[in-house]
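*Asks:* One file: coords37.txt (compact mmCIF, C-alpha atoms).
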# COMPACT_ATOMS: atom_id res chain seq x y z
CA MET A 1 92.28 103.43 120.09
CA ALA A 2 92.37 104.83 116.61
CA ILE A 3 93.52 102.97 113.55
CA PHE A 4 97.21 102.13 113.67
CA GLN A 5 99.66 101.34 110.91
CA VAL A 6 102.51 98.88 110.74
CA PRO A 7 105.02 99.82 108.01
CA ASN A 8 107.79 97.86 106.23
CA ILE A 9 106.25 94.42 106.73
CA ASN A 10 105.19 91.93 104.03
CA ILE A 11 103.51 88.56 104.13
CA ILE A 12 105.60 86.43 101.76
CA GLY A 13 104.05 83.00 102.32
CA ILE A 14 101.02 81.25 103.82
CA SER A 15 100.46 77.51 104.39
CA ALA A 16 97.91 75.40 106.21
CA CYS A 17 97.61 71.83 107.47
CA VAL A 18 94.57 69.78 108.53
CA PRO A 19 94.29 66.29 110.04
CA GLU A 20 93.46 63.37 107.73
CA ASP A 21 90.14 62.30 109.26
CA VAL A 22 87.04 63.83 107.67
CA TYR A 23 83.85 64.10 109.72
CA SER A 24 80.59 64.54 107.81
CA ASN A 25 77.83 66.43 109.59
CA TYR A 26 75.35 64.26 107.65
CA ASP A 27 76.44 61.49 110.06
CA TYR A 28 75.66 63.59 113.16
CA ASP A 29 72.92 61.42 114.65
CA TRP A 30 72.53 63.23 117.99
CA ILE A 31 69.70 65.16 116.31
CA GLY A 32 66.94 64.07 113.92
CA GLU A 33 67.17 64.19 110.14
CA LYS A 34 65.08 67.32 109.59
CA GLU A 35 66.87 69.34 112.26
CA ARG A 36 70.20 68.12 110.88
CA GLU A 37 69.31 69.29 107.37
CA THR A 38 68.29 72.75 108.64
CA LEU A 39 71.39 72.98 110.80
CA ILE A 40 73.81 72.06 107.98
CA LYS A 41 72.11 74.49 105.62
CA THR A 42 72.19 77.31 108.19
CA ILE A 43 75.75 76.91 109.48
CA GLY A 44 77.07 75.88 106.04
CA VAL A 45 79.35 73.16 107.42
CA GLU A 46 79.04 69.83 105.58
CA LYS A 47 82.42 68.36 106.46
CA LYS A 48 85.25 69.18 108.81
CA ARG A 49 88.55 67.69 109.94
CA HIS A 50 88.94 65.98 113.29
CA ALA A 51 92.36 65.45 114.85
CA LYS A 52 93.04 62.10 116.48
CA LYS A 53 93.36 62.23 120.24
CA GLY A 54 96.97 63.09 121.00
CA THR A 55 97.51 65.16 117.86
CA THR A 56 98.09 68.78 118.84
CA THR A 57 97.66 72.15 117.16
CA SER A 58 101.44 72.45 117.23
CA ASP A 59 101.71 69.23 115.17
CA LEU A 60 99.57 70.85 112.47
CA CYS A 61 101.44 74.17 112.67
CA PHE A 62 104.77 72.34 112.53
CA GLU A 63 103.85 70.68 109.21
CA ALA A 64 102.60 73.99 107.80
CA ALA A 65 105.71 75.90 108.94
CA ASN A 66 108.17 73.23 107.83
CA GLU A 67 106.75 73.15 104.31
CA LEU A 68 106.70 76.94 104.11
CA ILE A 69 110.35 77.29 105.24
CA GLU A 70 111.39 74.73 102.58
CA ASP A 71 109.36 76.36 99.82
CA LEU A 72 110.70 79.82 100.68
CA ASN A 73 114.27 78.53 100.88
CA TRP A 74 114.58 80.30 104.20
CA SER A 75 117.63 79.60 106.28
CA ARG A 76 116.31 78.45 109.67
CA SER A 77 119.04 80.32 111.51
CA GLU A 78 117.69 83.62 110.12
CA ILE A 79 114.23 83.23 111.70
CA ASP A 80 114.35 85.47 114.76
CA LEU A 81 110.71 85.46 115.85
CA LEU A 82 108.02 82.79 116.25
CA ILE A 83 104.55 83.59 117.59
CA PHE A 84 102.04 80.81 118.28
CA VAL A 85 98.43 82.01 118.45
CA SER A 86 96.15 79.33 119.86
CA GLN A 87 93.79 78.36 122.66
CA SER A 88 94.68 74.66 122.47
CA ARG A 89 98.26 74.47 123.65
CA ASP A 90 100.27 71.28 124.14
CA TYR A 91 100.60 71.68 127.92
CA ILE A 92 99.16 73.98 130.60
CA ILE A 93 102.80 75.01 131.03
CA PRO A 94 105.17 75.68 129.30
CA ALA A 95 104.19 77.80 126.29
CA THR A 96 103.99 75.87 123.02
CA ALA A 97 106.09 78.34 121.00
CA GLY A 98 109.28 76.99 122.59
CA LEU A 99 108.46 73.43 121.56
CA LEU A 100 107.98 74.63 118.00
CA GLN A 101 111.24 76.62 118.04
CA GLU A 102 113.09 73.41 118.93
CA ARG A 103 111.15 71.16 116.56
CA LEU A 104 111.63 73.54 113.62
CA SER A 105 115.38 73.68 114.40
CA LEU A 106 115.35 77.44 114.88
CA SER A 107 118.25 79.12 116.63
CA LYS A 108 118.44 79.93 120.34
CA SER A 109 118.45 83.62 119.46
CA CYS A 110 114.85 83.21 118.24
CA ILE A 111 112.16 85.06 120.22
CA ALA A 112 109.21 82.67 120.78
CA PHE A 113 105.98 83.09 122.74
CA ASP A 114 102.26 82.25 122.76
CA VAL A 115 99.27 84.52 122.30
CA SER A 116 95.93 83.22 123.65
CA LEU A 117 93.23 84.29 121.20
CA GLY A 118 90.78 82.43 118.97
CA CYS A 119 88.54 83.85 116.25
CA SER A 120 90.33 87.22 116.21
CA GLY A 121 93.75 85.59 116.64
CA TYR A 122 95.06 85.80 113.08
CA VAL A 123 94.48 89.54 112.77
CA TYR A 124 95.80 90.19 116.29
CA GLY A 125 98.78 87.92 115.62
CA LEU A 126 99.66 89.87 112.46
CA SER A 127 99.59 93.11 114.46
CA VAL A 128 101.91 91.69 117.15
CA ILE A 129 104.46 90.14 114.79
CA GLY A 130 104.28 93.12 112.43
CA SER A 131 104.77 95.67 115.22
CA MET A 132 107.78 93.80 116.65
CA MET A 133 109.40 93.42 113.24
CA SER A 134 108.74 96.91 111.90
CA THR A 135 111.24 98.33 114.39
CA GLY A 136 113.80 97.06 111.89
CA GLN A 137 115.95 94.58 113.80
CA ILE A 138 114.07 91.35 113.03
CA LYS A 139 114.13 90.37 109.35
CA LYS A 140 112.18 87.09 109.27
CA GLY A 141 109.32 85.90 111.47
CA LEU A 142 106.75 83.11 111.62
CA LEU A 143 103.16 83.53 112.73
CA LEU A 144 101.61 80.15 113.57
CA THR A 145 97.87 80.06 114.26
CA GLY A 146 95.24 77.40 114.77
CA ASP A 147 93.25 75.27 117.13
CA ILE A 148 92.07 71.78 117.83
CA SER A 149 88.53 72.55 118.95
CA THR A 150 86.90 69.17 118.32
CA LEU A 151 88.50 67.41 121.29
CA ASN A 152 86.82 69.57 123.92
CA THR A 153 83.46 69.86 122.20
CA SER A 154 80.63 67.69 123.54
CA TYR A 155 79.09 65.34 120.96
CA ARG A 156 75.78 65.86 122.78
CA ASP A 157 75.91 69.63 122.17
CA LYS A 158 74.13 70.46 118.92
CA SER A 159 75.03 74.14 119.34
CA ALA A 160 78.78 73.50 119.16
CA PHE A 161 79.70 70.02 117.88
CA PRO A 162 78.71 70.49 114.21
CA LEU A 163 80.52 73.82 113.93
CA PHE A 164 84.18 73.23 114.67
CA GLY A 165 87.02 71.75 112.65
CA ASP A 166 90.74 71.46 113.37
CA ALA A 167 93.54 73.23 111.47
CA GLY A 168 96.97 74.79 111.90
CA THR A 169 98.60 77.44 109.71
CA ALA A 170 101.89 79.23 109.15
CA THR A 171 102.46 82.73 107.77
CA ALA A 172 105.93 83.95 106.83
CA ILE A 173 106.64 87.63 107.43
CA GLU A 174 109.59 89.62 106.14
CA LEU A 175 110.94 93.09 106.80
CA GLN A 176 110.89 94.92 103.47
CA ASP A 177 111.49 98.65 103.11
CA ASP A 178 109.12 99.04 100.18
CA ALA A 179 106.15 97.29 101.82
CA ASN A 180 102.78 99.05 102.02
CA ALA A 181 101.76 99.64 105.63
CA MET A 182 99.28 97.19 107.18
CA LYS A 183 96.40 99.12 108.75
CA PHE A 184 94.67 97.72 111.82
CA ASN A 185 91.52 98.35 113.82
CA LEU A 186 91.48 96.09 116.91
CA GLN A 187 88.81 96.01 119.64
CA THR A 188 87.83 94.17 122.84
CA ASP A 189 84.75 93.76 125.05
CA GLY A 190 85.63 91.56 128.01
CA SER A 191 82.12 91.89 129.44
CA GLY A 192 81.22 89.08 127.03
CA TYR A 193 83.99 86.75 128.28
CA ASP A 194 81.49 83.96 129.01
CA ALA A 195 79.79 84.00 125.59
CA ILE A 196 82.36 81.44 124.39
CA ILE A 197 84.08 79.71 127.28
CA ILE A 198 85.66 76.51 128.58
CA PRO A 199 84.91 77.17 132.25
CA ASP A 200 86.98 74.51 134.04
CA GLY A 201 90.63 73.49 134.09
CA GLY A 202 92.11 76.97 134.53
CA ILE A 203 92.90 78.63 137.82
CA ARG A 204 89.45 80.23 138.38
CA ASN A 205 87.70 76.85 138.26
CA PHE A 206 90.47 74.36 138.86
CA ALA A 207 89.66 70.80 137.67
CA GLU A 208 87.58 69.04 140.33
CA LYS A 209 86.65 65.39 140.16
CA GLU A 210 83.12 66.01 141.44
CA THR A 211 82.13 69.02 139.35
CA SER A 212 84.27 69.36 136.22
CA PHE A 213 83.82 65.92 134.70
CA GLU A 214 80.08 65.50 135.13
CA TYR A 215 77.79 66.20 132.18
CA HIS A 216 74.85 68.52 132.76
CA LYS A 217 71.79 69.14 130.64
CA ILE A 218 71.93 72.80 129.59
CA SER A 219 68.80 72.70 127.38
CA ASP A 220 67.19 70.43 124.78
CA GLY A 221 69.94 68.71 122.79
CA ILE A 222 72.74 70.30 124.83
CA PHE A 223 74.76 68.34 127.42
CA ARG A 224 78.20 69.53 128.53
CA ASN A 225 80.83 69.11 131.22
CA GLY A 226 83.19 71.77 132.57
CA PHE A 227 85.90 71.10 130.00
CA ASN A 228 83.60 71.44 127.00
CA ILE A 229 83.33 74.59 124.90
CA SER A 230 80.17 76.48 125.84
CA LEU A 231 78.65 78.74 123.19
CA ASP A 232 75.94 81.31 123.81
CA GLY A 233 74.76 81.38 120.21
CA ILE A 234 72.44 84.38 120.34
CA LYS A 235 74.89 86.49 122.35
CA VAL A 236 77.76 85.77 119.94
CA PHE A 237 75.45 86.32 117.00
CA ASN A 238 74.20 89.70 118.21
CA PHE A 239 77.74 90.78 119.10
CA SER A 240 79.02 89.94 115.63
CA LEU A 241 76.14 91.64 113.83
CA ARG A 242 76.59 94.74 116.02
CA GLU A 243 80.38 95.17 115.99
CA VAL A 244 81.98 93.81 112.80
CA LYS A 245 80.38 96.20 110.33
CA PRO A 246 81.36 99.46 112.14
CA ASN A 247 84.86 98.08 112.78
CA VAL A 248 85.35 97.37 109.07
CA LEU A 249 83.79 100.64 107.90
CA LYS A 250 85.90 102.73 110.27
CA LEU A 251 89.07 101.01 109.08
CA LEU A 252 88.17 101.60 105.43
CA LYS A 253 87.22 105.23 106.04
CA GLU A 254 90.33 106.14 108.02
CA SER A 255 92.53 104.31 105.52
CA ASN A 256 90.86 106.19 102.62
CA ILE A 257 89.93 102.93 100.93
CA GLU A 258 86.60 102.15 99.23
CA ILE A 259 84.98 98.73 99.39
CA ASP A 260 85.55 98.50 95.62
CA ASN A 261 89.33 98.80 96.10
CA ILE A 262 89.44 95.62 98.17
CA ASP A 263 89.99 92.51 96.04
CA TYR A 264 88.89 90.06 98.75
CA PHE A 265 87.30 90.28 102.18
CA VAL A 266 88.42 87.25 104.15
CA PHE A 267 86.36 86.92 107.32
CA HIS A 268 86.80 84.55 110.20
CA GLN A 269 84.69 81.53 109.28
CA ALA A 270 82.12 81.59 112.12
CA ASN A 271 79.10 80.03 110.42
CA LYS A 272 77.30 80.64 107.13
CA LEU A 273 74.33 82.55 108.53
CA MET A 274 76.56 84.93 110.48
CA ASN A 275 79.05 85.44 107.63
CA ASP A 276 76.31 85.94 105.02
CA THR A 277 74.57 88.46 107.27
CA ILE A 278 77.75 90.47 107.82
CA ARG A 279 78.40 90.43 104.07
CA LYS A 280 74.87 91.72 103.41
CA GLN A 281 75.25 94.43 106.08
CA LEU A 282 78.39 95.66 104.31
CA LYS A 283 76.83 95.23 100.84
CA ILE A 284 79.78 93.27 99.47
CA ASP A 285 79.43 90.99 96.40
CA ALA A 286 79.51 87.31 97.34
CA ASP A 287 82.36 86.59 94.90
CA LYS A 288 84.65 88.90 96.89
CA VAL A 289 84.05 86.94 100.09
CA PRO A 290 85.61 83.45 99.91
CA SER A 291 84.57 80.75 102.39
CA SER A 292 86.01 77.46 103.60
CA LEU A 293 83.12 76.60 105.94
CA LYS A 294 81.61 73.87 103.74
CA ASP A 295 84.63 71.56 103.89
CA TYR A 296 86.47 72.66 107.05
CA GLY A 297 83.96 74.31 109.43
CA ASN A 298 84.93 76.96 111.95
CA THR A 299 88.67 76.59 112.49
CA SER A 300 89.20 79.40 114.99
CA SER A 301 92.40 81.41 114.40
CA ALA A 302 93.26 79.22 111.39
CA SER A 303 90.11 80.15 109.48
CA ILE A 304 91.44 83.22 107.62
CA PRO A 305 94.74 81.74 106.35
CA LEU A 306 93.01 78.37 105.69
CA THR A 307 90.45 80.17 103.53
CA ILE A 308 93.23 81.95 101.63
CA VAL A 309 95.11 78.67 101.04
CA THR A 310 92.08 76.61 100.00
CA GLN A 311 90.07 79.22 98.08
CA LEU A 312 92.63 81.72 96.75
CA GLY A 313 95.86 79.70 96.66
CA LYS A 314 96.43 80.01 92.91
CA GLU A 315 95.62 83.73 92.82
CA VAL A 316 97.84 84.82 95.70
CA GLU A 317 100.78 83.04 94.05
CA SER A 318 100.57 85.08 90.87
CA LYS A 319 98.85 88.40 91.63
CA GLU A 320 99.06 91.56 93.66
CA LEU A 321 95.95 91.66 95.83
CA THR A 322 94.49 93.98 98.46
CA PHE A 323 92.85 92.09 101.33
CA LEU A 324 90.65 93.09 104.19
CA LEU A 325 90.91 90.39 106.85
CA SER A 326 88.52 90.42 109.80
CA GLY A 327 88.29 88.15 112.85
CA PHE A 328 85.63 88.27 115.57
CA GLY A 329 84.50 86.12 118.48
CA VAL A 330 85.84 84.60 121.69
CA GLY A 331 87.03 87.20 124.17
CA LEU A 332 85.01 89.02 123.05
CA SER A 333 87.73 90.21 120.73
CA TRP A 334 87.58 91.49 117.19
CA GLY A 335 89.68 93.28 114.62
CA SER A 336 90.36 93.95 110.97
CA VAL A 337 93.40 94.66 108.84
CA VAL A 338 93.90 96.00 105.33
CA LEU A 339 97.05 94.70 103.65
CA GLN A 340 98.61 93.91 100.28
CA VAL A 341 100.08 90.62 99.16
CA ASN A 342 102.11 90.27 95.97
CA SER A 343 102.79 86.83 94.43
CA ILE A 344 103.40 85.02 97.70
CA VAL A 345 104.38 81.39 98.28
CA CYS A 346 101.26 79.34 99.01
CA PRO A 347 101.66 75.54 98.93
CA PRO A 348 98.51 73.40 98.50
CA LEU A 349 96.73 72.38 101.71
CA LEU A 350 98.79 69.88 103.69
CA ILE A 351 97.22 66.79 105.27
CA LEU A 352 98.67 65.35 108.48
CA LYS A 353 98.49 61.54 108.17
CA ASN A 354 97.38 59.58 111.20
CA MET B 1 56.90 99.45 108.43
CA ASN B 2 53.59 97.57 108.38
CA ILE B 3 52.61 94.11 109.53
CA LYS B 4 51.60 92.88 106.07
CA ASP B 5 55.10 93.40 104.66
CA PHE B 6 56.63 92.11 107.87
CA ILE B 7 54.70 88.84 107.51
CA SER B 8 55.38 88.34 103.82
CA LYS B 9 59.11 88.81 104.41
CA ILE B 10 59.05 86.20 107.19
CA GLU B 11 57.20 83.81 104.87
CA GLU B 12 59.96 84.30 102.31
CA GLU B 13 62.69 83.77 104.89
CA PHE B 14 61.53 80.40 106.24
CA GLU B 15 61.23 77.43 103.92
CA ASP B 16 58.57 75.78 106.08
CA LEU B 17 56.15 78.63 105.50
CA GLN B 18 53.95 79.08 102.42
CA PRO B 19 53.10 82.57 101.11
CA ASN B 20 49.97 84.03 102.77
CA SER B 21 50.02 81.36 105.47
CA LEU B 22 50.54 83.57 108.54
CA VAL B 23 48.16 85.95 110.30
CA PRO B 24 49.09 88.28 113.21
CA SER B 25 47.32 86.15 115.84
CA ASP B 26 49.20 82.96 114.91
CA VAL B 27 51.22 81.37 117.70
CA LEU B 28 54.76 80.89 116.38
CA LYS B 29 55.33 77.45 117.89
CA GLU B 30 52.19 76.11 116.24
CA LYS B 31 53.03 77.35 112.75
CA PHE B 32 56.61 76.21 112.34
CA THR B 33 59.67 74.90 114.18
CA TRP B 34 60.41 77.86 116.41
CA ASP B 35 63.75 76.50 117.66
CA SER B 36 67.18 78.05 118.26
CA ILE B 37 68.27 77.80 114.62
CA ASN B 38 65.15 79.49 113.32
CA ALA B 39 65.49 82.11 116.07
CA LEU B 40 68.97 82.94 114.72
CA ILE B 41 67.64 83.10 111.17
CA PHE B 42 64.98 85.53 112.41
CA LEU B 43 67.59 87.66 114.23
CA ALA B 44 69.70 87.84 111.08
CA HIS B 45 66.65 88.72 108.99
CA VAL B 46 65.50 91.65 111.15
CA ASN B 47 69.09 92.87 111.50
CA VAL B 48 69.54 93.18 107.74
CA GLU B 49 65.96 94.25 106.98
CA TYR B 50 65.30 96.70 109.84
CA ASP B 51 68.77 97.21 111.39
CA VAL B 52 67.61 96.24 114.91
CA GLU B 53 69.01 93.85 117.53
CA ILE B 54 66.82 91.48 119.53
CA THR B 55 67.97 89.58 122.64
CA ALA B 56 67.20 85.97 123.59
CA GLU B 57 64.99 87.16 126.48
CA GLU B 58 62.91 89.35 124.18
CA LEU B 59 62.45 86.50 121.72
CA ILE B 60 61.33 84.08 124.44
CA LYS B 61 58.64 86.58 125.53
CA SER B 62 57.18 86.71 122.01
CA SER B 63 54.63 84.01 121.35
CA THR B 64 52.60 85.35 118.41
CA VAL B 65 53.44 86.93 115.06
CA GLN B 66 51.92 90.17 116.39
CA ASP B 67 54.31 90.05 119.41
CA LEU B 68 57.27 89.78 117.08
CA TYR B 69 56.04 92.64 114.96
CA ASP B 70 55.46 94.86 118.01
CA LEU B 71 58.94 94.03 119.29
CA VAL B 72 60.67 94.91 116.01
CA GLU B 73 58.45 97.95 115.46
CA SER B 74 59.22 99.39 118.91
CA LYS B 75 62.95 99.01 118.21
CA VAL B 76 62.62 100.72 114.85
CA GLN B 77 60.70 103.58 116.55
CA LYS B 78 63.41 103.99 119.17
CA LYS B 79 66.05 104.37 116.49
CA ALA B 80 64.10 107.04 114.60
Rewrite the structure of this file - the entire thing - as structure tokens.
*Replies:*
Amino acid sequence: MAIFQVPNINIIGISACVPEDVYSNYDYDWIGEKERETLIKTIGVEKKRHAKKGTTTSDLCFEAANELIEDLNWSRSEIDLLIFVSQSRDYIIPATAGLLQERLSLSKSCIAFDVSLGCSGYVYGLSVIGSMMSTGQIKKGLLLTGDISTLNTSYRDKSAFPLFGDAGTATAIELQDDANAMKFNLQTDGSGYDAIIIPDGGIRNFAEKETSFEYHKISDGIFRNGFNISLDGIKVFNFSLREVKPNVLKLLKESNIEIDNIDYFVFHQANKLMNDTIRKQLKIDADKVPSSLKDYGNTSSASIPLTIVTQLGKEVESKELTFLLSGFGVGLSWGSVVLQVNSIVCPPLLILKN
Amino acid sequence: MNIKDFISKIEEEFEDLQPNSLVPSDVLKEKFTWDSINALIFLAHVNVEYDVEITAEELIKSSTVQDLYDLVESKVQKKA
């Protein structure tokens, strides 16, 4: 599909919450010291947050949303739409959005549902909530995104364990007649569905005592069971280097925007090597491309709003800024959006105490 | 492209390698840690430098510096 526009919608607040426990990759003793040093330097992740077992993505999103509603002075009864974008839901059924509607004391007239996407989830989520609201009936909506990825990552998998951190975010959206249109370019290639996958526990490979729980050696330094995230590093890498640049350039061209007119490019935080390479492909100055990888790792659909909160929090509160946001990965699914934010509410990063 | 430039750029890219340390006949595994991380660094390097994509299978088949050069060079030719 061509570029599409969503008019009359503004982001008016963004918040993020991470669990209290900090994991340092310098303590990752599954691999030797030299390999660890190279790995940390290449992926750019020194520390990340690990949720305690039993803490859910919705717990993190609840804290983020609750703070944002208070800071915005929103009346909870006026929030008519809640979308939860995540691949780590509370239960297999029901959807998590309903639990959040109840916990946030939103009204029963609130529309609430889940969207199952990861790395591309924030951009996709904005397109879904924006499209529903731009029809003019829904005035206030919440987009909640994030994942707990550390729980189902094998410690004995050097290709995945050091990468991921946990985070949940909330974005407040309002219908405003004078808003600049958000412009989207969204894409999919399902042929790469197994490049990032948790193979067991769904309906295709239902959990089996004999097969799902057993750990298998995949290659040197990589042992996983059926519930662990499996990453095909080279496949994901080649996909990202092939697809992100043309997606971004097409969006800019068809929106009549030059790279110089964008104040910040906020990319999904995949890993440092991948993000640096994409930045070099697009010839963007490093100071226009903020990163939260060093302290928080790859936080899936939370990575874009988490990067805004932790790296640009002060600026978004006081300035009018043009952003290009771009997410890419699991699915394979990818997409970019150009949008404006003007002096939004952005509380400092929240920490969920154990 | 020529193999001399190709080699000097690889020597710049990898910290383990000294300038003028590689020759075309060198076996990669013997000269430095040719593991999955360094393979990704190499993929990123040739993507930015030569705008070509290399698969895991193609990388596994390359054992010498010359093999790598031939692989990248053939991809550059195909694009032209």
*Asks:* Just how far from CA of Leu82 in chain A is CA of Asn180 in chain A, in Å to one decimal?
*Replies:*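 If I compute the distance from CA of Asn180 in chain A to CA of Leu82 in chain A, I get 22.2 Å.
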*Asks:* Could you list, as a list in words, every residue of chain B that has an atom within 7 Å of an atom of chain A, counting all atoms listed in the file?
*Replies:*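 Written out as asked, the residues are Ile37, Leu40, Ala44, Val48, Glu53 and Ala56 of chain B.
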*Asks:* Could you please determine the separation between CA of Phe213 in chain A and CA of Leu60 in chain A in Å, to one decimal place?
*Replies:*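 Computing it gives 27.7 Å between the two atoms.
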*Asks:* As a PDB file with C-alpha atoms, in the coordinates of the input, please: the residues near range 20-22 of chain B (cut-off 8 Å, all atoms listed in the file, same-chain neighbours under 3 positions excluded).
*Replies:*
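And here is the file that came out, around_38.pdb:
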ATOM      1  CA  ILE B   7      54.700  88.840 107.510  1.00  0.00           C
ATOM      2  CA  SER B   8      55.380  88.340 103.820  1.00  0.00           C
ATOM      3  CA  GLU B  11      57.200  83.810 104.870  1.00  0.00           C
ATOM      4  CA  LEU B  17      56.150  78.630 105.500  1.00  0.00           C
ATOM      5  CA  ASP B  26      49.200  82.960 114.910  1.00  0.00           C
ATOM      6  CA  LYS B  31      53.030  77.350 112.750  1.00  0.00           C
ATOM      7  CA  VAL B  65      53.440  86.930 115.060  1.00  0.00           C
TER       8      VAL B  65
END
*Asks:* Rank nothing, just name the residue among B:Asn2, B:Ser74, B:Glu12, B:Ile60 nearest to Ser36 in chain B, using only C-alpha atoms.
*Replies:* B:Ile60
*Asks:* Sorted by chain and rising residue number, list the residues of range 6-106 of chain A at most 8 Å from range 305-323 of chain A (counting all atoms listed in the file), each with its closest atom pair and distance in Å to one decimal, as JSON lines.
*Replies:*
{"residue": "A:Ile14", "atom": "CA", "partner": "A:Pro305", "partner_atom": "CA", "distance": 6.8}
{"residue": "A:Ser15", "atom": "CA", "partner": "A:Val309", "partner_atom": "CA", "distance": 6.4}
{"residue": "A:Ala16", "atom": "CA", "partner": "A:Leu306", "partner_atom": "CA", "distance": 5.8}
